[in-house]
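Shown below: data-v1.csv, with CSV, C-alpha atoms.
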chain,number,residue,atom,x,y,z
A,1,MET,CA,18.6,-2.3,-12.4
A,2,SER,CA,15.0,-1.2,-11.7
A,3,GLY,CA,12.8,1.9,-11.3
A,4,PHE,CA,10.7,3.6,-13.9
A,5,VAL,CA,10.5,2.1,-17.4
A,6,GLU,CA,9.4,5.5,-18.6
A,7,LYS,CA,9.4,8.2,-15.9
A,8,PRO,CA,6.6,10.7,-16.5
A,9,GLU,CA,7.1,14.4,-16.7
A,10,PRO,CA,5.3,16.2,-13.9
A,11,VAL,CA,2.1,18.1,-14.8
A,12,GLN,CA,2.7,21.9,-14.6
A,13,VAL,CA,-0.1,23.6,-12.7
A,14,PRO,CA,-0.1,27.4,-11.8
A,15,GLY,CA,0.5,27.9,-8.1
A,16,LEU,CA,1.8,24.3,-7.5
A,17,VAL,CA,5.4,23.3,-7.1
A,18,HIS,CA,6.2,19.8,-8.1
A,19,LEU,CA,8.1,18.0,-5.3
A,20,HIS,CA,8.3,14.3,-6.1
A,21,THR,CA,7.3,11.6,-8.5
A,22,GLY,CA,6.7,8.3,-6.7
A,23,LYS,CA,5.8,4.9,-7.9
A,24,VAL,CA,2.1,5.8,-7.9
A,25,ARG,CA,1.7,9.3,-6.5
A,26,ASP,CA,2.9,12.8,-7.6
A,27,LEU,CA,3.4,15.3,-4.8
A,28,TYR,CA,3.1,19.1,-5.1
A,29,ARG,CA,3.1,22.0,-2.7
A,30,ASN,CA,0.5,24.8,-3.1
A,31,GLU,CA,0.9,28.5,-2.3
A,32,ALA,CA,-0.5,27.9,1.2
A,33,GLY,CA,2.3,25.4,2.0
A,34,ASP,CA,-0.1,22.4,1.9
A,35,LEU,CA,0.8,19.2,0.1
A,36,VAL,CA,-1.2,18.2,-3.0
A,37,MET,CA,-1.1,14.4,-3.6
A,38,VAL,CA,-2.3,13.0,-6.9
A,39,ALA,CA,-2.7,9.2,-7.3
A,40,SER,CA,-1.9,8.2,-10.8
A,41,ASP,CA,-2.9,5.0,-12.6
A,42,ARG,CA,0.7,3.7,-12.6
A,43,MET,CA,1.4,0.1,-11.7
A,44,SER,CA,4.5,-1.2,-10.0
A,45,ALA,CA,5.7,-4.8,-9.7
A,46,TYR,CA,9.0,-6.4,-8.9
A,47,ASP,CA,10.6,-3.0,-8.1
A,48,TRP,CA,9.7,-1.6,-11.6
A,49,VAL,CA,7.1,1.0,-12.4
A,50,LEU,CA,5.5,-0.5,-15.5
A,51,PRO,CA,5.0,1.2,-18.9
A,52,THR,CA,1.3,0.3,-18.8
A,53,GLU,CA,-1.3,2.0,-16.6
A,54,ILE,CA,-4.4,0.5,-15.0
A,55,PRO,CA,-7.4,2.8,-15.7
A,56,ASP,CA,-9.1,4.2,-12.6
A,57,LYS,CA,-6.5,2.7,-10.2
A,58,GLY,CA,-5.5,6.0,-8.7
A,59,ARG,CA,-9.2,7.0,-8.1
A,60,VAL,CA,-9.9,3.6,-6.4
A,61,LEU,CA,-6.9,4.0,-4.1
A,62,THR,CA,-7.9,7.6,-3.2
A,63,GLN,CA,-11.6,6.9,-2.6
A,64,LEU,CA,-10.9,3.7,-0.6
A,65,SER,CA,-8.3,5.6,1.5
A,66,LEU,CA,-10.9,8.3,2.2
A,67,TRP,CA,-13.4,5.7,3.2
A,68,TRP,CA,-11.0,4.1,5.6
A,69,PHE,CA,-9.9,7.4,7.1
A,70,ASP,CA,-13.5,7.9,8.1
A,71,GLN,CA,-13.6,4.5,9.8
A,72,LEU,CA,-10.4,5.2,11.7
A,73,ALA,CA,-11.0,8.8,12.7
A,74,ASP,CA,-11.5,8.0,16.4
A,75,LEU,CA,-8.2,6.0,16.6
A,76,VAL,CA,-5.8,8.4,14.8
A,77,PRO,CA,-6.1,11.7,12.9
A,78,ASN,CA,-5.2,11.8,9.2
A,79,HIS,CA,-3.5,14.2,7.0
A,80,VAL,CA,-6.4,15.1,4.6
A,81,LEU,CA,-7.5,18.7,4.5
A,82,GLY,CA,-9.7,18.5,1.4
A,83,THR,CA,-10.4,17.0,-2.0
A,84,ASP,CA,-11.1,20.1,-4.1
A,85,LEU,CA,-9.1,20.3,-7.3
A,86,PRO,CA,-6.5,23.1,-7.3
A,87,ALA,CA,-7.4,25.9,-9.8
A,88,GLY,CA,-6.0,25.1,-13.2
A,89,ALA,CA,-5.5,21.4,-12.5
A,90,PRO,CA,-6.3,18.9,-15.2
A,91,ALA,CA,-9.9,17.4,-15.1
A,92,ASP,CA,-8.3,14.0,-14.8
A,93,TRP,CA,-7.1,14.8,-11.3
A,94,ALA,CA,-10.7,14.7,-10.1
A,95,GLY,CA,-11.3,11.9,-7.6
A,96,ARG,CA,-7.6,11.2,-7.3
A,97,THR,CA,-6.4,14.3,-5.5
A,98,LEU,CA,-5.9,15.0,-1.8
A,99,VAL,CA,-4.9,18.3,-0.2
A,100,CYS,CA,-2.9,17.3,2.9
A,101,ARG,CA,-1.2,18.6,5.9
A,102,ASN,CA,2.6,19.0,5.6
A,103,LEU,CA,3.9,16.5,8.2
A,104,GLU,CA,7.2,15.7,9.7
A,105,MET,CA,7.3,12.2,8.2
A,106,ILE,CA,8.7,9.2,10.2
A,107,PRO,CA,11.1,7.2,8.0
A,108,VAL,CA,9.6,3.8,8.9
A,109,GLU,CA,7.0,1.7,7.1
A,110,CYS,CA,4.7,0.5,9.9
A,111,VAL,CA,3.6,-3.0,8.9
A,112,ALA,CA,1.1,-5.1,10.8
A,113,ARG,CA,0.7,-8.8,10.0
A,114,GLY,CA,-2.2,-11.0,11.1
A,115,TYR,CA,-1.3,-13.9,8.7
A,116,LEU,CA,2.0,-15.4,7.5
A,117,THR,CA,2.9,-14.8,3.9
A,118,GLY,CA,5.3,-12.8,1.7
A,119,SER,CA,8.7,-11.7,3.1
A,120,GLY,CA,7.4,-12.7,6.6
A,121,LEU,CA,7.0,-16.3,5.4
A,122,ALA,CA,10.4,-16.3,3.8
A,123,GLU,CA,12.1,-15.2,7.1
A,124,TYR,CA,9.9,-17.6,9.1
A,125,GLU,CA,11.0,-20.6,7.0
A,126,GLN,CA,14.6,-19.8,7.8
A,127,THR,CA,14.6,-18.7,11.4
A,128,ARG,CA,11.0,-19.2,12.8
A,129,THR,CA,10.9,-15.5,13.4
A,130,VAL,CA,9.6,-12.4,11.6
A,131,CYS,CA,11.5,-9.2,12.2
A,132,GLY,CA,13.1,-10.9,15.2
A,133,LEU,CA,9.8,-12.0,16.7
A,134,ALA,CA,9.6,-15.7,17.5
A,135,LEU,CA,6.6,-17.6,16.1
A,136,PRO,CA,5.4,-21.1,16.8
A,137,GLU,CA,6.4,-24.1,14.8
A,138,GLY,CA,4.1,-25.5,12.1
A,139,LEU,CA,2.9,-22.3,10.4
A,140,VAL,CA,2.6,-22.4,6.6
A,141,ASP,CA,1.8,-19.9,3.8
A,142,GLY,CA,-1.5,-18.2,4.8
A,143,SER,CA,-1.6,-19.3,8.4
A,144,GLU,CA,-3.3,-17.0,10.9
A,145,LEU,CA,-0.8,-15.8,13.5
A,146,PRO,CA,-1.6,-16.3,17.2
A,147,ALA,CA,-1.9,-12.5,17.5
A,148,PRO,CA,-1.1,-9.6,15.0
A,149,ILE,CA,2.5,-8.5,15.0
A,150,PHE,CA,4.3,-5.2,14.3
A,151,THR,CA,7.0,-5.8,11.7
A,152,PRO,CA,8.4,-2.5,10.6
A,153,ALA,CA,10.5,-1.8,7.5
A,154,ALA,CA,12.9,0.8,6.4
A,155,LYS,CA,11.4,2.9,3.6
A,156,ALA,CA,13.2,2.4,0.3
A,157,ALA,CA,13.7,4.6,-2.8
A,158,VAL,CA,11.8,3.9,-6.0
A,159,GLY,CA,13.3,0.7,-7.6
A,160,GLU,CA,14.5,-0.7,-4.3
A,161,HIS,CA,13.0,-3.1,-1.7
A,162,ASP,CA,11.8,-2.0,1.6
A,163,GLU,CA,13.9,-3.8,4.2
A,164,ASN,CA,12.4,-5.4,7.2
A,165,VAL,CA,14.0,-4.2,10.5
A,166,SER,CA,13.6,-5.1,14.1
A,167,TYR,CA,11.6,-3.1,16.6
A,168,GLU,CA,14.8,-2.3,18.4
A,169,GLU,CA,16.2,-0.7,15.3
A,170,VAL,CA,13.1,1.5,15.0
A,171,ALA,CA,13.5,2.5,18.6
A,172,ARG,CA,17.1,3.4,17.9
A,173,GLN,CA,16.1,5.5,14.8
A,174,VAL,CA,13.1,7.4,16.2
A,175,GLY,CA,13.4,7.0,20.0
A,176,ALA,CA,11.8,4.5,22.3
A,177,GLU,CA,8.7,6.6,23.0
A,178,THR,CA,7.9,7.2,19.3
A,179,ALA,CA,8.5,3.5,18.5
A,180,ALA,CA,6.1,2.4,21.2
A,181,VAL,CA,3.4,4.7,19.9
A,182,LEU,CA,3.9,3.6,16.4
A,183,ARG,CA,3.6,-0.1,17.4
A,184,GLN,CA,0.5,0.6,19.5
A,185,THR,CA,-1.2,2.7,16.8
A,186,THR,CA,-0.3,0.4,14.0
A,187,LEU,CA,-1.8,-2.7,15.7
A,188,ALA,CA,-4.9,-0.7,16.9
A,189,VAL,CA,-5.6,0.4,13.3
A,190,TYR,CA,-4.9,-3.1,11.9
A,191,GLY,CA,-7.3,-4.6,14.5
A,192,ARG,CA,-10.1,-2.2,13.6
A,193,ALA,CA,-9.6,-2.7,9.8
A,194,ARG,CA,-9.3,-6.5,10.2
A,195,ASP,CA,-12.7,-6.6,12.0
A,196,ILE,CA,-14.4,-4.4,9.4
A,197,ALA,CA,-13.0,-6.3,6.5
A,198,ARG,CA,-14.0,-9.6,8.1
A,199,GLU,CA,-17.6,-8.5,8.4
A,200,ARG,CA,-17.5,-8.1,4.6
A,201,GLY,CA,-16.0,-11.5,3.9
A,202,VAL,CA,-12.5,-10.2,3.4
A,203,ILE,CA,-9.3,-11.2,5.3
A,204,LEU,CA,-6.8,-8.4,5.9
A,205,ALA,CA,-3.6,-10.5,5.9
A,206,ASP,CA,-1.2,-7.6,6.4
A,207,THR,CA,-0.9,-3.9,5.7
A,208,LYS,CA,1.5,-1.0,5.9
A,209,PHE,CA,1.0,2.5,7.2
A,210,GLU,CA,3.0,5.7,7.1
A,211,PHE,CA,2.9,8.2,9.9
A,212,GLY,CA,4.1,11.7,10.6
A,213,PHE,CA,3.9,14.4,13.2
A,214,ALA,CA,2.0,17.7,13.1
A,215,ASP,CA,2.7,19.9,16.1
A,216,GLY,CA,3.7,16.9,18.2
A,217,GLU,CA,0.6,14.9,17.2
A,218,LEU,CA,0.9,11.5,15.4
A,219,VAL,CA,-1.0,11.6,12.1
A,220,ILE,CA,-1.6,8.8,9.6
A,221,ALA,CA,-0.6,9.8,6.1
A,222,ASP,CA,-0.3,8.6,2.4
A,223,GLU,CA,-2.8,5.8,1.5
A,224,VAL,CA,-4.4,3.4,3.9
A,225,LEU,CA,-5.7,-0.1,3.6
A,226,THR,CA,-5.8,-0.2,-0.2
A,227,PRO,CA,-4.9,-3.2,-2.5
A,228,ASP,CA,-1.5,-1.4,-3.1
A,229,SER,CA,-0.6,-1.2,0.6
A,230,SER,CA,-2.4,-4.4,1.9
A,231,ARG,CA,-3.0,-8.0,1.2
A,232,PHE,CA,-6.8,-8.6,1.1
A,233,TRP,CA,-8.0,-12.2,0.6
A,234,PRO,CA,-11.5,-13.5,0.0
A,235,ALA,CA,-12.4,-15.2,3.2
A,236,ASP,CA,-14.4,-18.0,1.5
A,237,ALA,CA,-11.3,-19.1,-0.4
A,238,TRP,CA,-8.8,-18.9,2.4
A,239,GLU,CA,-6.9,-22.2,2.6
A,240,PRO,CA,-3.5,-22.2,4.4
A,241,GLY,CA,-0.7,-24.1,2.8
A,242,HIS,CA,-0.3,-22.1,-0.4
A,243,ALA,CA,-0.6,-18.6,-1.9
A,244,GLN,CA,-4.1,-17.2,-1.5
A,245,PRO,CA,-6.2,-15.5,-4.2
A,246,SER,CA,-6.0,-11.8,-3.5
A,247,TYR,CA,-7.5,-8.4,-4.4
A,248,ASP,CA,-4.3,-6.8,-5.7
A,249,LYS,CA,-1.8,-6.8,-8.6
A,250,GLN,CA,-1.4,-10.6,-8.7
A,251,PHE,CA,-2.6,-10.8,-12.3
A,252,VAL,CA,0.2,-8.5,-13.2
A,253,ARG,CA,2.8,-10.4,-11.2
A,254,ASP,CA,1.7,-13.7,-12.6
A,255,TRP,CA,1.8,-12.5,-16.2
A,256,LEU,CA,5.2,-10.9,-15.8
A,257,THR,CA,6.7,-14.2,-14.5
A,258,SER,CA,5.0,-16.3,-17.1
A,259,PRO,CA,6.5,-17.5,-20.4
A,260,ALA,CA,3.9,-15.3,-22.2
A,261,SER,CA,5.8,-12.1,-21.1
A,262,GLY,CA,9.2,-13.3,-22.1
A,263,TRP,CA,10.7,-11.2,-19.3
A,264,ASP,CA,13.4,-12.2,-16.9
A,265,ARG,CA,12.7,-10.5,-13.6
A,266,HIS,CA,16.2,-11.1,-12.5
A,267,GLY,CA,17.8,-9.6,-15.5
A,268,GLU,CA,18.4,-5.9,-16.4
A,269,THR,CA,15.8,-5.6,-19.2
A,270,PRO,CA,12.8,-3.5,-18.3
A,271,PRO,CA,9.5,-5.3,-18.2
A,272,PRO,CA,7.2,-5.2,-21.3
A,273,ALA,CA,3.9,-3.6,-21.7
A,274,LEU,CA,0.9,-5.4,-20.3
A,275,PRO,CA,-1.7,-7.0,-22.6
A,276,GLN,CA,-5.2,-5.6,-22.5
A,277,GLU,CA,-6.7,-8.6,-20.8
A,278,ILE,CA,-4.3,-8.3,-17.9
A,279,VAL,CA,-5.1,-4.6,-17.6
A,280,GLU,CA,-8.8,-5.2,-17.6
A,281,ALA,CA,-8.6,-8.1,-15.1
A,282,THR,CA,-6.5,-6.0,-12.7
A,283,ARG,CA,-8.8,-3.0,-12.9
A,284,ALA,CA,-11.7,-5.3,-12.2
A,285,LYS,CA,-10.0,-6.7,-9.1
A,286,TYR,CA,-9.2,-3.2,-7.7
A,287,ILE,CA,-12.9,-2.2,-8.2
A,288,GLU,CA,-14.1,-5.4,-6.7
A,289,ALA,CA,-12.0,-4.7,-3.6
A,290,TYR,CA,-13.5,-1.2,-3.3
A,291,GLU,CA,-17.1,-2.4,-3.7
A,292,ARG,CA,-16.7,-5.4,-1.4
A,293,ILE,CA,-15.0,-3.5,1.4
A,294,THR,CA,-17.1,-0.3,1.3
A,295,GLY,CA,-20.4,-1.8,0.3
A,296,GLN,CA,-20.7,1.0,-2.3
A,297,ALA,CA,-21.0,0.6,-6.1
A,298,TRP,CA,-18.0,2.0,-8.0
A,299,SER,CA,-18.8,4.9,-10.3
Could I get this structure in the form of structure tokens?
Amino acid sequence: MSGFVEKPEPVQVPGLVHLHTGKVRDLYRNEAGDLVMVASDRMSAYDWVLPTEIPDKGRVLTQLSLWWFDQLADLVPNHVLGTDLPAGAPADWAGRTLVCRNLEMIPVECVARGYLTGSGLAEYEQTRTVCGLALPEGLVDGSELPAPIFTPAAKAAVGEHDENVSYEEVARQVGAETAAVLRQTTLAVYGRARDIARERGVILADTKFEFGFADGELVIADEVLTPDSSRFWPADAWEPGHAQPSYDKQFVRDWLTSPASGWDRHGETPPPALPQEIVEATRAKYIEAYERITGQAWS
């Protein structure tokens, strides 16, 4: 059992049709047929959307994505049409709303890894491969890979795990030509972002992208290079051989799996509300990621 602890009711806005409530984002369609994407402050962990929100999280994700879209514009077009609030929308939507092109989405999570950790590490420890790609002996948690790799995943529904798949499976699903373009674009974007982050003292360990087509053109969509979609590590604390400190929801994960929460992540009971100190520490980490990467003060 997993999913929403308390699924929110969609906000009703004149002229907008609610399409979907995701882990973090709510999706609407406006009268022009464009998509309106609103990033909430919801937090997910261990396949649950938690009952406690992290203030400003949705705004951080949106503003950081916009900053990255600008850095990547010469590599791949993005889906953003504007950031103006729809008429009649709640004031709280400011800073967390994107009006976007309606794309023909590709049902693949395009993951790039430059370092070994997470599900890639788990597979490597069993088979010395990640998504069927052979890797050298002797790598440990946090090791830098000889070169970045494309490790796609099948996109899962809310409450389920994305499942790593082979490149061959992606080619079978979307065609060899599209699969090749996805791999090339994913690795190019990762390489650009890795270098930008490195200049700011941040390691981009891995990240995932979503793409779609607009009139036959590949377009990057959803969020990009945020703490929700990426593993960012402080470069000055990088030490292979164990889990790295990171700019993400690790405070939340650690508390949920600690005796203090009293929660069994392998059981069927929903996770409890987060204590205020965990909320504040997690919010601070998201803002720190924004400020360190962009060089701009959060406001």
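Non-sequential neighbours of Arg25 of chain A (distance at most 12 Å, separation of 5 or more positions within a chain, all atoms listed in the file) are A:Pro8, A:Pro10, A:His18, A:Leu19, A:His20, A:Leu35, A:Val36, A:Met37, A:Val38, A:Ala39, A:Ser40, A:Asp41, A:Arg42, A:Met43, A:Ser44, A:Val49, A:Lys57, A:Gly58, A:Arg59, A:Leu61, A:Thr62, A:Trp93, A:Arg96, A:Thr97, A:Leu98, A:Val158, A:Asp222, A:Glu223, A:Asp228.
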Just C-alpha atoms for this one: save the residues we selected as an mmCIF file, in the coordinates of the input.
data_model
loop_
_atom_site.group_PDB
_atom_site.id
_atom_site.type_symbol
_atom_site.label_atom_id
_atom_site.label_comp_id
_atom_site.auth_asym_id
_atom_site.auth_seq_id
_atom_site.Cartn_x
_atom_site.Cartn_y
_atom_site.Cartn_z
ATOM 1 C CA PRO A 8 6.600 10.700 -16.500
ATOM 2 C CA PRO A 10 5.300 16.200 -13.900
ATOM 3 C CA HIS A 18 6.200 19.800 -8.100
ATOM 4 C CA LEU A 19 8.100 18.000 -5.300
ATOM 5 C CA HIS A 20 8.300 14.300 -6.100
ATOM 6 C CA LEU A 35 0.800 19.200 0.100
ATOM 7 C CA VAL A 36 -1.200 18.200 -3.000
ATOM 8 C CA MET A 37 -1.100 14.400 -3.600
ATOM 9 C CA VAL A 38 -2.300 13.000 -6.900
ATOM 10 C CA ALA A 39 -2.700 9.200 -7.300
ATOM 11 C CA SER A 40 -1.900 8.200 -10.800
ATOM 12 C CA ASP A 41 -2.900 5.000 -12.600
ATOM 13 C CA ARG A 42 0.700 3.700 -12.600
ATOM 14 C CA MET A 43 1.400 0.100 -11.700
ATOM 15 C CA SER A 44 4.500 -1.200 -10.000
ATOM 16 C CA VAL A 49 7.100 1.000 -12.400
ATOM 17 C CA LYS A 57 -6.500 2.700 -10.200
ATOM 18 C CA GLY A 58 -5.500 6.000 -8.700
ATOM 19 C CA ARG A 59 -9.200 7.000 -8.100
ATOM 20 C CA LEU A 61 -6.900 4.000 -4.100
ATOM 21 C CA THR A 62 -7.900 7.600 -3.200
ATOM 22 C CA TRP A 93 -7.100 14.800 -11.300
ATOM 23 C CA ARG A 96 -7.600 11.200 -7.300
ATOM 24 C CA THR A 97 -6.400 14.300 -5.500
ATOM 25 C CA LEU A 98 -5.900 15.000 -1.800
ATOM 26 C CA VAL A 158 11.800 3.900 -6.000
ATOM 27 C CA ASP A 222 -0.300 8.600 2.400
ATOM 28 C CA GLU A 223 -2.800 5.800 1.500
ATOM 29 C CA ASP A 228 -1.500 -1.400 -3.100
#
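Using all atoms listed in the file, the smallest distance between any of A:Ala122, A:Leu81, A:Leu50, A:Leu139 and Pro271 of chain A comes from A:Leu50.
Shortest atom-to-atom contact with Ser119 of chain A among A:Val5, A:Ala221, A:Cys131, A:Ala289: A:Cys131, counting all atoms listed in the file.
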- Message: Using all atoms listed in the file for the distances, tell me which of A:Gly201, A:Pro259, A:Pro234, A:Gly33 is nearest to Gly295 of chain A.
- Response: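 Of A:Gly201, A:Pro259, A:Pro234, A:Gly33, the one nearest Gly295 of chain A is A:Gly201, counting all atoms listed in the file.
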- What residues have an atom no more than 7 Å from (0.9, 18.2, 8.8) in the file's own frame, counting all atoms listed in the file, and can you write them as a PyMOL selection string? chain A and resi 79+101-104+213-214
- Query: Within 9 Å of (11.6, -0.9, -17.5), all atoms listed in the file: residues as a PyMOL selection string?
  - Reply: chain A and resi 1-6+48-51+268-272
- Message: Using Å and a single decimal, report how far atom CA of Leu135 of chain A sits from atom CA of Glu123 of chain A.
- Response: 10.8 Å
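Atom pair atom CA of Ala179 of chain A / atom CA of Gly114 of chain A has a distance of 19.5 Å (rounded to one decimal).
Residues in contact with Glu210 of chain A at up to 9 Å, not including ones fewer than 3 positions away on its chain and judged by only C-alpha atoms, are Met105, Ile106, Pro107, Val108, Glu109, Cys110, Val111, Val219, Ile220, Ala221, Asp222, Glu223 and Val224 of chain A.
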- Of the listed residues A:Ala32, A:Ala273, A:Ala89, A:Leu75, that which approaches Val11 of chain A most closely, counting all atoms listed in the file: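 So, comparing all the options, the nearest one is A:Ala89.
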